[in-house]
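Asker: Here you go, work.txt (compact mmCIF, C-alpha atoms):
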# COMPACT_ATOMS: atom_id res chain seq x y z
CA ARG A 1 112.32 -78.88 25.05
CA LEU A 2 108.79 -77.58 25.33
CA VAL A 3 105.94 -78.50 22.98
CA ASN A 4 106.89 -80.58 19.92
CA GLU A 5 110.41 -81.88 19.50
CA ASN A 6 110.16 -81.56 15.72
CA ASP A 7 109.42 -77.83 15.75
CA GLY A 8 111.92 -75.69 13.90
CA SER A 9 114.06 -73.20 15.76
CA ILE A 10 112.58 -70.36 13.69
CA LEU A 11 109.09 -69.72 12.30
CA HIS A 12 109.56 -67.99 8.95
CA THR A 13 106.02 -67.38 7.71
CA HIS A 14 102.41 -66.95 8.77
CA ASP A 15 101.56 -70.40 7.41
CA GLU A 16 104.33 -72.03 9.47
CA LEU A 17 103.06 -70.28 12.60
CA ILE A 18 99.46 -71.38 12.02
CA ARG A 19 100.51 -74.99 11.33
CA ALA A 20 102.48 -75.06 14.59
CA PHE A 21 99.51 -73.59 16.44
CA GLN A 22 97.11 -76.14 14.91
CA SER A 23 99.47 -78.98 15.91
CA ASP A 24 99.62 -77.86 19.54
CA VAL A 25 95.85 -77.34 19.81
CA ASP A 26 95.27 -80.79 18.31
CA SER A 27 97.64 -82.35 20.87
CA PHE A 28 95.88 -80.97 23.96
CA LYS A 29 93.80 -84.11 24.44
CA SER A 30 96.77 -86.48 24.21
CA LYS A 31 99.21 -84.66 26.51
CA ARG A 32 99.36 -84.41 30.28
CA LYS A 33 97.93 -81.25 31.81
CA LYS A 34 101.37 -79.99 32.92
CA GLU A 35 102.68 -80.31 29.35
CA ASN A 36 99.64 -78.46 28.01
CA TYR A 37 100.28 -75.55 30.34
CA GLN A 38 103.94 -75.48 29.30
CA SER A 39 102.64 -75.17 25.72
CA LEU A 40 100.39 -72.32 26.85
CA ALA A 41 103.39 -70.59 28.40
CA LEU A 42 105.24 -70.82 25.09
CA TRP A 43 102.31 -69.46 23.09
CA SER A 44 101.92 -66.62 25.56
CA CYS A 45 105.55 -65.77 24.82
CA ILE A 46 105.12 -66.10 21.04
CA ILE A 47 101.97 -63.97 20.91
CA GLY A 48 103.38 -61.39 23.33
CA TYR A 49 106.57 -61.18 21.25
CA CYS A 50 104.57 -60.55 18.05
CA GLU A 51 102.41 -57.96 19.79
CA ALA A 52 105.50 -56.12 21.07
CA LEU A 53 107.01 -56.06 17.56
CA ALA A 54 103.95 -54.77 15.74
CA THR A 55 102.23 -52.22 18.02
CA HIS A 56 104.71 -49.50 18.95
CA LYS A 57 103.27 -46.01 18.36
CA ASP A 58 106.54 -44.93 16.73
CA ALA A 59 106.50 -46.38 13.20
CA ALA A 60 110.31 -46.56 13.23
CA ARG A 61 110.07 -49.01 16.14
CA ARG A 62 107.48 -51.31 14.56
CA PHE A 63 108.75 -54.42 12.84
CA ALA A 64 107.56 -57.38 10.75
CA LEU A 65 106.37 -60.39 12.71
CA PHE A 66 108.66 -62.86 10.97
CA PRO A 67 110.97 -64.61 11.47
CA ILE A 68 109.96 -65.64 15.00
CA PRO A 69 112.90 -67.00 17.07
CA LEU A 70 111.10 -69.99 18.56
CA ASP A 71 114.13 -71.47 20.31
CA SER A 72 114.94 -68.14 21.96
CA LEU A 73 111.40 -67.89 23.31
CA ARG A 74 111.63 -71.48 24.59
CA ARG A 75 114.82 -70.59 26.43
CA LEU A 76 113.09 -67.57 27.93
CA ILE A 77 110.61 -69.94 29.57
CA GLU A 78 113.14 -72.61 30.53
CA GLU A 79 115.72 -70.21 31.93
CA ASP A 80 113.53 -67.46 33.40
CA PHE A 81 109.97 -68.65 34.07
CA LEU A 82 110.31 -72.29 35.15
CA PRO A 83 113.20 -71.56 37.60
CA LEU A 84 111.11 -68.71 39.02
CA LEU A 85 108.30 -71.15 39.78
CA SER A 86 110.61 -73.78 41.25
CA GLN A 87 112.37 -71.23 43.42
CA GLU A 88 109.08 -69.86 44.71
CA GLN A 89 107.75 -73.34 45.47
CA ASN A 90 110.92 -74.24 47.40
CA THR A 91 110.76 -70.99 49.34
CA SER A 92 107.07 -71.51 50.05
CA ASN A 93 107.70 -75.05 51.31
CA LYS A 94 110.37 -73.81 53.72
CA LYS A 95 108.02 -71.12 55.03
CA ASP A 96 105.26 -73.70 55.58
CA LYS A 97 107.43 -75.58 58.08
CA HIS A 98 107.68 -72.50 60.30
CA SER A 99 104.37 -70.93 59.33
CA THR A 100 102.12 -69.12 61.78
CA THR A 101 99.44 -68.65 59.12
CA LYS A 102 95.93 -69.56 60.17
CA GLU A 103 95.13 -73.21 59.54
CA SER A 104 92.05 -72.12 57.59
CA GLU A 105 94.21 -70.85 54.72
CA SER A 106 94.90 -73.69 52.30
CA VAL A 107 98.26 -74.58 50.77
CA HIS A 108 96.70 -73.78 47.40
CA ARG A 109 95.88 -70.21 48.44
CA GLN A 110 99.34 -69.71 49.96
CA THR A 111 100.96 -70.94 46.76
CA VAL A 112 98.81 -68.63 44.62
CA ARG A 113 100.01 -65.72 46.73
CA ALA A 114 103.64 -66.80 46.48
CA VAL A 115 103.49 -67.33 42.70
CA SER A 116 101.64 -64.07 42.02
CA ASN A 117 104.06 -62.11 44.21
CA ALA A 118 107.00 -63.62 42.31
CA ILE A 119 105.40 -62.80 38.95
CA TRP A 120 104.66 -59.19 39.91
CA LYS A 121 108.18 -58.78 41.24
CA LYS A 122 109.55 -60.08 37.94
CA ALA A 123 107.20 -57.86 35.94
CA GLN A 124 108.02 -54.68 37.81
CA ASN A 125 108.89 -51.88 35.45
CA LYS A 126 109.96 -48.72 37.24
CA LYS A 127 108.90 -46.54 34.30
CA SER A 128 105.37 -47.93 34.37
CA SER A 129 102.45 -47.14 36.65
CA MET A 130 101.76 -50.91 36.72
CA GLN A 131 98.11 -50.22 36.04
CA ASP A 132 96.13 -51.82 33.20
CA GLU A 133 97.71 -50.86 29.89
CA PRO A 134 97.71 -52.08 26.28
CA HIS A 135 99.99 -54.94 25.28
CA ALA A 136 100.82 -56.03 28.85
CA ASN A 137 98.95 -59.32 28.83
CA SER A 138 101.52 -62.05 28.21
CA LEU A 139 104.44 -63.97 29.64
CA TYR A 140 106.70 -62.14 27.18
CA SER A 141 105.65 -58.72 28.49
CA CYS A 142 106.18 -59.97 32.04
CA LEU A 143 109.70 -61.29 31.43
CA CYS A 144 110.78 -58.54 29.01
CA GLY A 145 108.83 -55.56 30.34
CA ASP A 146 111.95 -53.50 30.97
CA VAL A 147 112.75 -53.83 27.28
CA ASP A 148 109.29 -53.11 25.91
CA GLY A 149 108.29 -50.51 28.51
CA LYS A 150 105.36 -52.58 29.73
CA SER A 151 104.28 -54.04 33.03
CA LEU A 152 101.34 -56.44 33.42
CA ASP A 153 97.56 -56.08 33.28
CA CYS A 154 94.95 -58.03 35.23
CA PHE A 155 94.52 -60.67 32.53
CA GLY A 156 98.25 -61.18 32.17
CA ALA A 157 98.66 -61.58 35.94
CA ALA A 158 95.85 -64.13 36.27
CA LEU A 159 96.93 -66.04 33.16
CA LEU A 160 100.52 -66.43 34.34
CA VAL A 161 99.50 -67.42 37.86
CA VAL A 162 97.19 -70.15 36.55
CA ILE A 163 99.83 -71.39 34.09
CA GLY A 164 102.38 -71.43 36.90
CA MET A 165 100.08 -73.21 39.34
CA ASN A 166 99.29 -75.97 36.84
CA ILE A 167 102.96 -76.44 35.97
CA LEU A 168 103.65 -76.82 39.71
CA GLY A 169 101.03 -79.57 39.88
CA PHE A 170 97.99 -77.64 41.13
CA SER A 171 95.75 -78.97 38.36
CA ASN A 172 92.68 -77.55 40.09
CA SER A 173 93.76 -73.95 39.35
CA CYS A 174 91.43 -72.26 36.86
CA LEU A 175 91.62 -68.99 34.91
CA THR A 176 88.38 -67.17 35.76
CA LEU A 177 87.09 -64.23 33.72
CA SER A 178 84.44 -61.57 33.82
CA GLU A 179 84.01 -59.08 30.98
CA ASP A 180 86.69 -56.76 32.32
CA HIS A 181 88.65 -58.65 34.98
CA ALA A 182 90.53 -61.89 35.56
CA TYR A 183 91.38 -63.88 38.68
CA GLU A 184 92.20 -67.40 39.86
CA SER A 185 89.66 -69.88 41.21
CA HIS A 186 89.79 -73.48 42.40
CA LEU A 187 87.65 -76.08 44.14
CA GLU A 188 88.03 -76.03 47.90
CA ASP A 189 89.77 -78.94 49.59
CA VAL A 190 87.48 -81.77 50.74
CA ASP A 191 87.09 -82.23 54.48
CA ASN A 192 88.76 -85.62 54.94
CA ASN A 193 87.30 -85.95 58.44
CA ALA A 194 83.74 -86.05 57.16
CA SER A 195 82.06 -89.27 56.06
CA ASN A 196 81.09 -89.78 52.43
CA ASP A 197 77.46 -89.17 53.31
CA GLN A 198 78.24 -85.93 55.09
CA GLN A 199 80.53 -84.45 52.45
CA SER A 200 78.88 -81.52 50.67
CA PRO A 201 79.65 -80.57 47.07
CA ARG A 202 82.98 -78.80 46.77
CA LYS A 203 82.64 -75.04 46.57
CA ARG A 204 84.70 -72.84 44.28
CA ALA A 205 87.16 -70.59 46.06
CA THR A 206 88.64 -67.49 44.45
CA CYS A 207 91.99 -65.70 44.63
CA GLU A 208 92.60 -62.09 43.64
CA VAL A 209 96.00 -61.78 41.95
CA ALA A 210 95.80 -58.58 39.88
CA VAL A 211 97.04 -56.22 42.58
CA PRO A 212 99.81 -54.00 41.12
CA GLY A 213 102.86 -52.99 43.11
CA ASN A 214 105.44 -54.72 45.25
CA THR A 215 104.75 -53.20 48.64
CA LYS A 216 103.94 -55.48 51.57
CA ALA A 217 100.38 -54.19 51.47
CA ALA A 218 99.96 -55.17 47.81
CA GLN A 219 101.55 -58.58 48.36
CA SER A 220 99.28 -59.34 51.30
CA LYS A 221 96.15 -58.63 49.21
CA ARG A 222 97.03 -61.26 46.63
CA GLY A 223 95.58 -64.71 47.22
CA LYS A 224 92.60 -63.28 49.11
CA GLU A 225 88.98 -64.10 48.27
CA ILE A 226 87.41 -61.57 45.91
CA SER A 227 84.86 -60.80 48.63
CA HIS A 228 87.75 -59.17 50.49
CA THR A 229 87.87 -56.54 47.72
CA PHE A 230 84.34 -55.45 48.51
CA GLU A 231 84.97 -55.34 52.24
CA GLN A 232 87.66 -52.75 51.49
CA LEU A 233 85.28 -50.69 49.33
CA LYS A 234 83.06 -50.23 52.39
CA CYS A 235 80.02 -50.15 50.13
CA GLU A 236 77.18 -52.27 51.44
CA HIS A 237 75.05 -52.30 48.29
CA ILE A 238 77.66 -54.07 46.14
CA THR A 239 79.12 -57.52 46.76
CA ALA A 240 80.90 -60.20 44.74
CA GLU A 241 77.45 -61.63 43.97
CA THR A 242 76.13 -58.34 42.53
CA SER A 243 79.32 -57.05 40.90
CA TRP A 244 79.69 -56.60 37.12
CA LEU A 245 83.50 -56.54 37.38
CA TYR A 246 83.36 -60.08 38.77
CA MET A 247 80.37 -61.14 36.64
CA ALA A 248 78.27 -61.78 39.75
CA LYS A 249 77.73 -65.56 39.97
CA ASN A 250 78.42 -66.17 36.29
CA PRO A 251 82.14 -65.88 35.51
CA VAL A 252 83.65 -67.74 32.56
CA LEU A 253 85.66 -70.69 33.90
CA CYS A 254 88.52 -71.53 31.53
CA ASP A 255 88.76 -75.09 32.82
CA THR A 256 90.40 -76.68 29.78
CA PRO A 257 93.70 -75.88 28.04
CA GLY A 258 91.69 -75.07 24.90
CA MET A 259 89.64 -72.43 26.71
CA VAL A 260 92.77 -70.92 28.27
CA MET A 261 94.33 -70.76 24.80
CA ALA A 262 91.17 -69.08 23.49
CA ALA A 263 91.40 -66.50 26.28
CA LEU A 264 95.10 -65.96 25.56
CA VAL A 265 94.52 -65.36 21.83
CA SER A 266 91.34 -63.31 22.34
CA ASN A 267 93.22 -60.87 24.56
CA LEU A 268 95.82 -60.17 21.88
CA ASN A 269 95.56 -56.40 21.36
CA CYS A 270 96.06 -55.34 17.72
CA ASP A 271 95.67 -51.59 18.37
CA ILE A 272 98.62 -49.33 17.65
CA ASP A 273 97.25 -45.89 18.45
CA LYS A 274 93.65 -45.06 19.28
CA GLN A 275 94.42 -41.41 20.01
CA LYS A 276 96.15 -40.36 16.80
CA ILE A 277 94.31 -37.47 15.15
CA ALA A 278 94.07 -37.40 11.34
CA ALA A 279 94.27 -34.29 9.17
CA ASP A 280 90.46 -34.03 9.05
CA GLY A 281 90.26 -34.00 12.84
CA SER A 282 88.95 -37.55 13.14
CA LYS A 283 90.54 -40.28 15.26
CA PRO A 284 90.90 -43.30 13.00
CA GLN A 285 91.86 -46.52 14.72
CA VAL A 286 95.44 -47.43 13.82
CA VAL A 287 95.84 -51.21 13.99
CA SER A 288 98.22 -53.96 12.92
CA ARG A 289 96.69 -55.98 10.08
CA PRO A 290 99.29 -58.78 10.35
CA LEU A 291 98.39 -59.21 14.02
CA TYR A 292 94.68 -59.26 13.18
CA LYS A 293 95.30 -61.93 10.53
CA MET A 294 97.29 -64.03 13.01
CA LYS A 295 94.64 -63.64 15.71
CA ARG A 296 91.82 -64.40 13.25
CA ASP A 297 93.35 -67.63 11.98
CA MET A 298 94.23 -68.85 15.49
CA LEU A 299 90.69 -68.18 16.71
CA TRP A 300 89.17 -70.08 13.76
CA ILE A 301 91.31 -73.10 14.72
CA LEU A 302 90.04 -72.87 18.29
CA HIS A 303 86.48 -72.31 17.06
CA ASP A 304 86.59 -75.39 14.83
CA GLY A 305 88.22 -77.36 17.66
CA LEU A 306 85.17 -76.60 19.88
CA CYS A 307 87.27 -74.62 22.36
CA MET A 308 84.90 -71.62 22.28
CA THR A 309 81.49 -73.23 22.78
CA ARG A 310 81.22 -71.69 26.27
CA PHE A 311 83.14 -68.50 25.57
CA PRO A 312 81.19 -65.49 24.21
CA PHE A 313 84.20 -63.16 24.40
CA SER A 314 86.28 -65.31 22.05
CA LEU A 315 83.42 -65.46 19.56
CA ILE A 316 82.94 -61.68 19.45
CA GLU A 317 86.70 -61.13 19.21
CA LEU A 318 86.76 -63.46 16.19
CA GLY A 319 83.92 -61.43 14.72
CA ASP A 320 85.92 -58.25 15.32
CA CYS A 321 88.93 -59.81 13.55
CA GLU A 322 86.75 -60.62 10.54
CA GLU A 323 85.56 -57.02 10.42
CA HIS A 324 89.14 -55.76 10.22
CA VAL A 325 90.67 -58.50 8.04
CA ALA A 326 87.93 -60.53 6.39
CA SER A 327 88.49 -64.14 5.35
CA GLN A 328 86.62 -66.30 2.87
CA LYS A 329 85.32 -68.35 5.79
CA GLY A 330 83.91 -65.32 7.58
CA MET A 331 82.17 -64.10 4.44
CA GLU A 332 80.34 -67.37 3.75
CA TRP A 333 76.54 -67.42 3.95
CA VAL A 334 75.24 -69.84 6.55
CA ASP A 335 71.81 -70.97 7.69
CA ALA A 336 70.57 -69.24 10.86
CA SER A 337 66.99 -70.50 10.89
CA GLU A 338 67.21 -72.10 14.33
CA LEU A 339 69.02 -69.20 15.99
CA LEU A 340 66.73 -66.51 14.53
CA LYS A 341 63.53 -68.63 14.64
CA SER A 342 62.95 -67.81 11.00
CA LYS A 343 62.95 -70.62 8.43
CA GLY A 344 65.31 -70.23 5.51
CA THR A 345 67.19 -67.24 6.94
CA GLN A 346 70.79 -66.95 5.81
CA ILE A 347 73.38 -64.57 7.22
CA LEU A 348 77.13 -64.09 6.95
CA ARG A 349 79.10 -66.43 9.17
CA ASN A 350 80.69 -63.36 10.75
CA GLU A 351 77.31 -62.07 11.92
CA LYS A 352 76.45 -65.54 13.22
CA LEU A 353 79.47 -65.36 15.57
CA TYR A 354 77.83 -62.44 17.38
CA ILE A 355 74.45 -64.18 17.52
CA ASP A 356 76.10 -67.33 18.89
CA ALA A 357 77.84 -65.26 21.57
CA ILE A 358 74.54 -63.69 22.65
CA SER A 359 72.86 -67.11 22.70
CA ILE A 360 75.62 -68.62 24.87
CA SER A 361 75.51 -65.66 27.24
CA LYS A 362 71.78 -66.16 27.69
CA THR A 363 71.76 -69.94 28.07
CA ILE A 364 74.98 -70.58 30.02
CA TYR A 365 75.66 -67.30 31.87
CA GLU A 366 72.10 -66.27 32.75
CA ASP A 367 72.12 -63.34 30.33
CA ALA A 368 74.76 -61.60 32.46
CA GLN A 369 77.09 -60.31 29.72
CA VAL A 370 76.93 -56.86 28.16
CA TYR A 371 79.69 -57.06 25.55
CA PRO A 372 78.09 -59.58 23.14
CA PHE A 373 75.21 -57.14 22.60
CA LEU A 374 77.60 -54.18 22.25
CA TYR A 375 79.83 -55.91 19.69
CA ALA A 376 76.79 -57.02 17.67
CA ALA A 377 75.39 -53.48 17.82
CA HIS A 378 78.71 -52.02 16.61
CA TYR A 379 78.72 -54.56 13.77
CA HIS A 380 75.30 -53.50 12.46
CA ARG A 381 76.04 -49.81 12.98
CA ASP A 382 79.23 -49.99 10.91
CA ALA A 383 77.81 -52.33 8.25
CA GLY A 384 75.03 -49.85 7.44
CA LYS A 385 77.10 -46.68 7.32
CA ASN A 386 77.83 -46.39 3.60
CA ASP A 387 75.03 -48.38 2.01
CA LYS A 388 71.51 -46.92 1.89
CA SER A 389 70.05 -50.37 1.24
CA GLN A 390 71.36 -51.39 4.67
CA GLU A 391 69.52 -48.69 6.64
CA TYR A 392 67.61 -51.39 8.52
CA ARG A 393 70.86 -52.10 10.35
CA LEU A 394 70.56 -48.82 12.23
CA VAL A 395 67.31 -50.06 13.78
CA GLU A 396 68.94 -53.40 14.64
CA SER A 397 71.96 -51.69 16.21
CA LEU A 398 69.69 -49.51 18.37
CA ARG A 399 67.79 -52.61 19.48
CA LEU A 400 71.04 -54.32 20.46
CA TYR A 401 72.32 -51.24 22.30
CA ALA A 402 69.04 -51.25 24.23
CA GLU A 403 69.61 -54.92 25.10
CA ALA A 404 73.11 -54.10 26.34
CA THR A 405 71.63 -51.36 28.50
CA ARG A 406 69.07 -53.79 29.88
CA VAL A 407 71.78 -56.23 30.99
CA ALA A 408 73.95 -53.45 32.43
CA SER A 409 70.99 -52.17 34.45
CA THR A 410 70.78 -55.48 36.32
CA TYR A 411 74.03 -54.61 38.12
CA ARG A 412 74.25 -52.19 41.03
CA TYR A 413 76.42 -49.22 40.11
CA HIS A 414 79.68 -48.34 41.82
CA ASN A 415 82.37 -46.26 40.11
CA LYS A 416 85.10 -48.77 40.97
CA ASP A 417 83.07 -51.68 39.66
CA CYS A 418 81.06 -50.54 36.61
CA LEU A 419 83.12 -47.60 35.33
CA GLN A 420 83.97 -49.39 32.06
CA LEU A 421 80.26 -49.61 31.24
CA MET A 422 79.78 -45.84 31.32
If you took the structure in this file and wrote it as structure tokens, what would it be?
Answerer:
Amino acid sequence: RLVNENDGSILHTHDELIRAFQSDVDSFKSKRKKENYQSLALWSCIIGYCEALATHKDAARRFALFPIPLDSLRRLIEEDFLPLLSQEQNTSNKKDKHSTTKESESVHRQTVRAVSNAIWKKAQNKKSSMQDEPHANSLYSCLCGDVDGKSLDCFGAALLVVIGMNILGFSNSCLTLSEDHAYESHLEDVDNNASNDQQSPRKRATCEVAVPGNTKAAQSKRGKEISHTFEQLKCEHITAETSWLYMAKNPVLCDTPGMVMAALVSNLNCDIDKQKIAADGSKPQVVSRPLYKMKRDMLWILHDGLCMTRFPFSLIELGDCEEHVASQKGMEWVDASELLKSKGTQILRNEKLYIDAISISKTIYEDAQVYPFLYAAHYHRDAGKNDKSQEYRLVESLRLYAEATRVASTYRYHNKDCLQLM
């Protein structure tokens, strides 16, 4: 069995789900890395299952989150995902014996390609374009895409490859994120022929895995360095080092199970229908409040467990959850004197999440992230809409939008790289 032996076969309530989640997060430090990534696989299934239940545009096909059939989701991993990995590793090992691949390509890179090809083949949904789409970001959507009408997005592909690689024993495999893309990275193998004095620090190699389709051309692109992507663009003024889509030299490295879990939960999409037009002609955002509550409480556990101290995206997603479904914790007043350089300043804890995200982006990621400023600007814009005493927030939102523009302007524009910023 995966995760805790004492888990029930069914989760009946929100509180039971959150207790199980807290237990697994708490156990990360005491378990082997392979076991942690098996836990991550299970939670990817649980969260993907809940998302599939609660976000269908047709109200008649939306359902309550509970009860959650935990044993059934375990079996989905044990009977579908783990055998897929073992089969691919066995096939890859047989190919290695008769391989004509260049010696310069590592076993790690070959295995990434093999695992990602197997995952995309499993995820193939003939009714889908296999491009980025909502609610296609989990192991559940990969294994059950034909049922839910989903394929796999770039985050889902990278997440499952990294989970698979770690389960297979490649503990060096790391989920690597920009603000709008995900890929695999790992430390390059050490040159065993060099002396200790001559060995240089190990460099980080990258593998592109989010290439949709199952043609030979698509399969051959997976496992390649991200620099290969820019060679194909034939655009000299943009490289992996100047790209926003790849966060230049400052990607977020999810190098602990806690950070991977934070990424997994943060990418839970609670939207039901962004395009629905109301009677007054407006387009109100239709969302799942139960999903937001689940996401909010999971992110607070990860926040308090110090899994998000290097992860601006998780912090702003928690802030977004609090805006939709506020909690007592998010509405507490906290001291922000040090952050705002103003003695005695108190703000809501929710607002502090955005300020923390901006601070981390500046200090750890060389001020390379746009989204923390955008989320904070949206927060002030919305908070001041219906209260004349809060008009100052309009000025603050404009300042933050200007900061977001400043960061965006540091990247060289290309429509296939920065389109999401427009």
Asker: So how many Å separate atom CA of A:Ile358 and atom CA of A:His181, to one decimal?
Answerer: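 Between atom CA of A:Ile358 and atom CA of A:His181 the gap is 19.4 Å.
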Asker: Kindly indicate which residue among A:Thr55, A:Ser44, A:Gln89, A:Gln219 lies nearest to A:Leu291, using all atoms listed in the file for the distances.
Answerer: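 Ranked by minimum distance to A:Leu291, first place goes to A:Thr55.
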Asker: Could you pull the residues within 10 Å of A:Asp15, counting only C-alpha atoms, minus those fewer than 4 positions along the same chain, as an mmCIF file with C-alpha atoms, keeping the file's coordinate frame?
Answerer:
data_model
loop_
_atom_site.group_PDB
_atom_site.id
_atom_site.type_symbol
_atom_site.label_atom_id
_atom_site.label_comp_id
_atom_site.auth_asym_id
_atom_site.auth_seq_id
_atom_site.Cartn_x
_atom_site.Cartn_y
_atom_site.Cartn_z
ATOM 1 C CA LEU A 11 109.090 -69.720 12.300
ATOM 2 C CA ARG A 19 100.510 -74.990 11.330
ATOM 3 C CA ALA A 20 102.480 -75.060 14.590
ATOM 4 C CA PHE A 21 99.510 -73.590 16.440
ATOM 5 C CA MET A 294 97.290 -64.030 13.010
ATOM 6 C CA ASP A 297 93.350 -67.630 11.980
#
Asker: Which is closest to A:Leu264 among A:Gly145, A:Pro67, A:Gly156, A:Gly384, if we use only C-alpha atoms?
Answerer: A:Gly156
Asker: Which protein, DNA or RNA residues have an atom at most 12 Å from (88.4, -62.1, 18.9), counting only C-alpha atoms? List them as a PyMOL selection string.
Answerer: chain A and resi 262-270+291-300+302-303+308+311-325+350+353-354+357+372+375
Asker: Using all atoms listed in the file, can you list as number ranges by chain the residues within 10 Å of (81.8, -60.1, 35.8)?
Answerer: A: 176-182, 240-252, 368-370, 411, 417-418
Asker: Hey, which of A:Leu339, A:Val286, A:Ile47, A:Cys254 ends up closest to A:Ala136? Count all atoms listed in the file.
Answerer: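 Looking only at the distances to A:Ala136, the closest residue turns out to be A:Ile47.
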Asker: So how many Å separate atom CA of A:Asp255 and atom CA of A:Arg75, to one decimal?
Answerer: 27.2 Å
Asker: Using all atoms listed in the file, determine which residues lie at most 12 Å from A:Ser171, disregarding the query and same-chain residues fewer than 3 positions distant; provide the list as number ranges by chain.
Answerer: A: 32-37, 108, 162-168, 174-175, 185-187, 255-257
Asker: Write stretch 256-261 of chain A as a CSV table (one decimal), in the coordinates of the input, completed to all heavy atoms.
Answerer:
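Below you can see out_16.csv, which holds the result:
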chain,number,residue,atom,x,y,z
A,256,THR,N,89.7,-75.8,30.7
A,256,THR,CA,90.4,-76.7,29.8
A,256,THR,C,91.5,-75.9,29.1
A,256,THR,O,91.5,-74.7,29.0
A,256,THR,CB,89.5,-77.2,28.7
A,256,THR,OG1,89.1,-76.1,27.8
A,256,THR,CG2,88.2,-77.9,29.2
A,257,PRO,N,92.6,-76.6,28.7
A,257,PRO,CA,93.7,-75.9,28.0
A,257,PRO,C,93.2,-75.2,26.8
A,257,PRO,O,93.7,-74.1,26.5
A,257,PRO,CB,94.7,-77.0,27.7
A,257,PRO,CG,94.4,-78.1,28.7
A,257,PRO,CD,93.0,-78.0,29.0
A,258,GLY,N,92.2,-75.7,26.1
A,258,GLY,CA,91.7,-75.1,24.9
A,258,GLY,C,91.0,-73.7,25.2
A,258,GLY,O,91.2,-72.8,24.5
A,259,MET,N,90.3,-73.7,26.3
A,259,MET,CA,89.6,-72.4,26.7
A,259,MET,C,90.7,-71.4,27.2
A,259,MET,O,90.5,-70.2,26.9
A,259,MET,CB,88.6,-72.7,27.8
A,259,MET,CG,87.3,-73.2,27.3
A,259,MET,SD,86.0,-73.1,28.6
A,259,MET,CE,85.5,-71.4,28.5
A,260,VAL,N,91.7,-71.8,27.9
A,260,VAL,CA,92.8,-70.9,28.3
A,260,VAL,C,93.5,-70.4,27.0
A,260,VAL,O,93.8,-69.2,27.0
A,260,VAL,CB,93.8,-71.6,29.2
A,260,VAL,CG1,94.9,-70.7,29.6
A,260,VAL,CG2,93.1,-72.1,30.5
A,261,MET,N,93.7,-71.2,26.0
A,261,MET,CA,94.3,-70.8,24.8
A,261,MET,C,93.4,-69.8,24.1
A,261,MET,O,93.9,-68.7,23.5
A,261,MET,CB,94.6,-71.9,23.9
A,261,MET,CG,95.4,-71.5,22.6
A,261,MET,SD,97.1,-71.1,22.9
A,261,MET,CE,97.9,-72.7,22.7
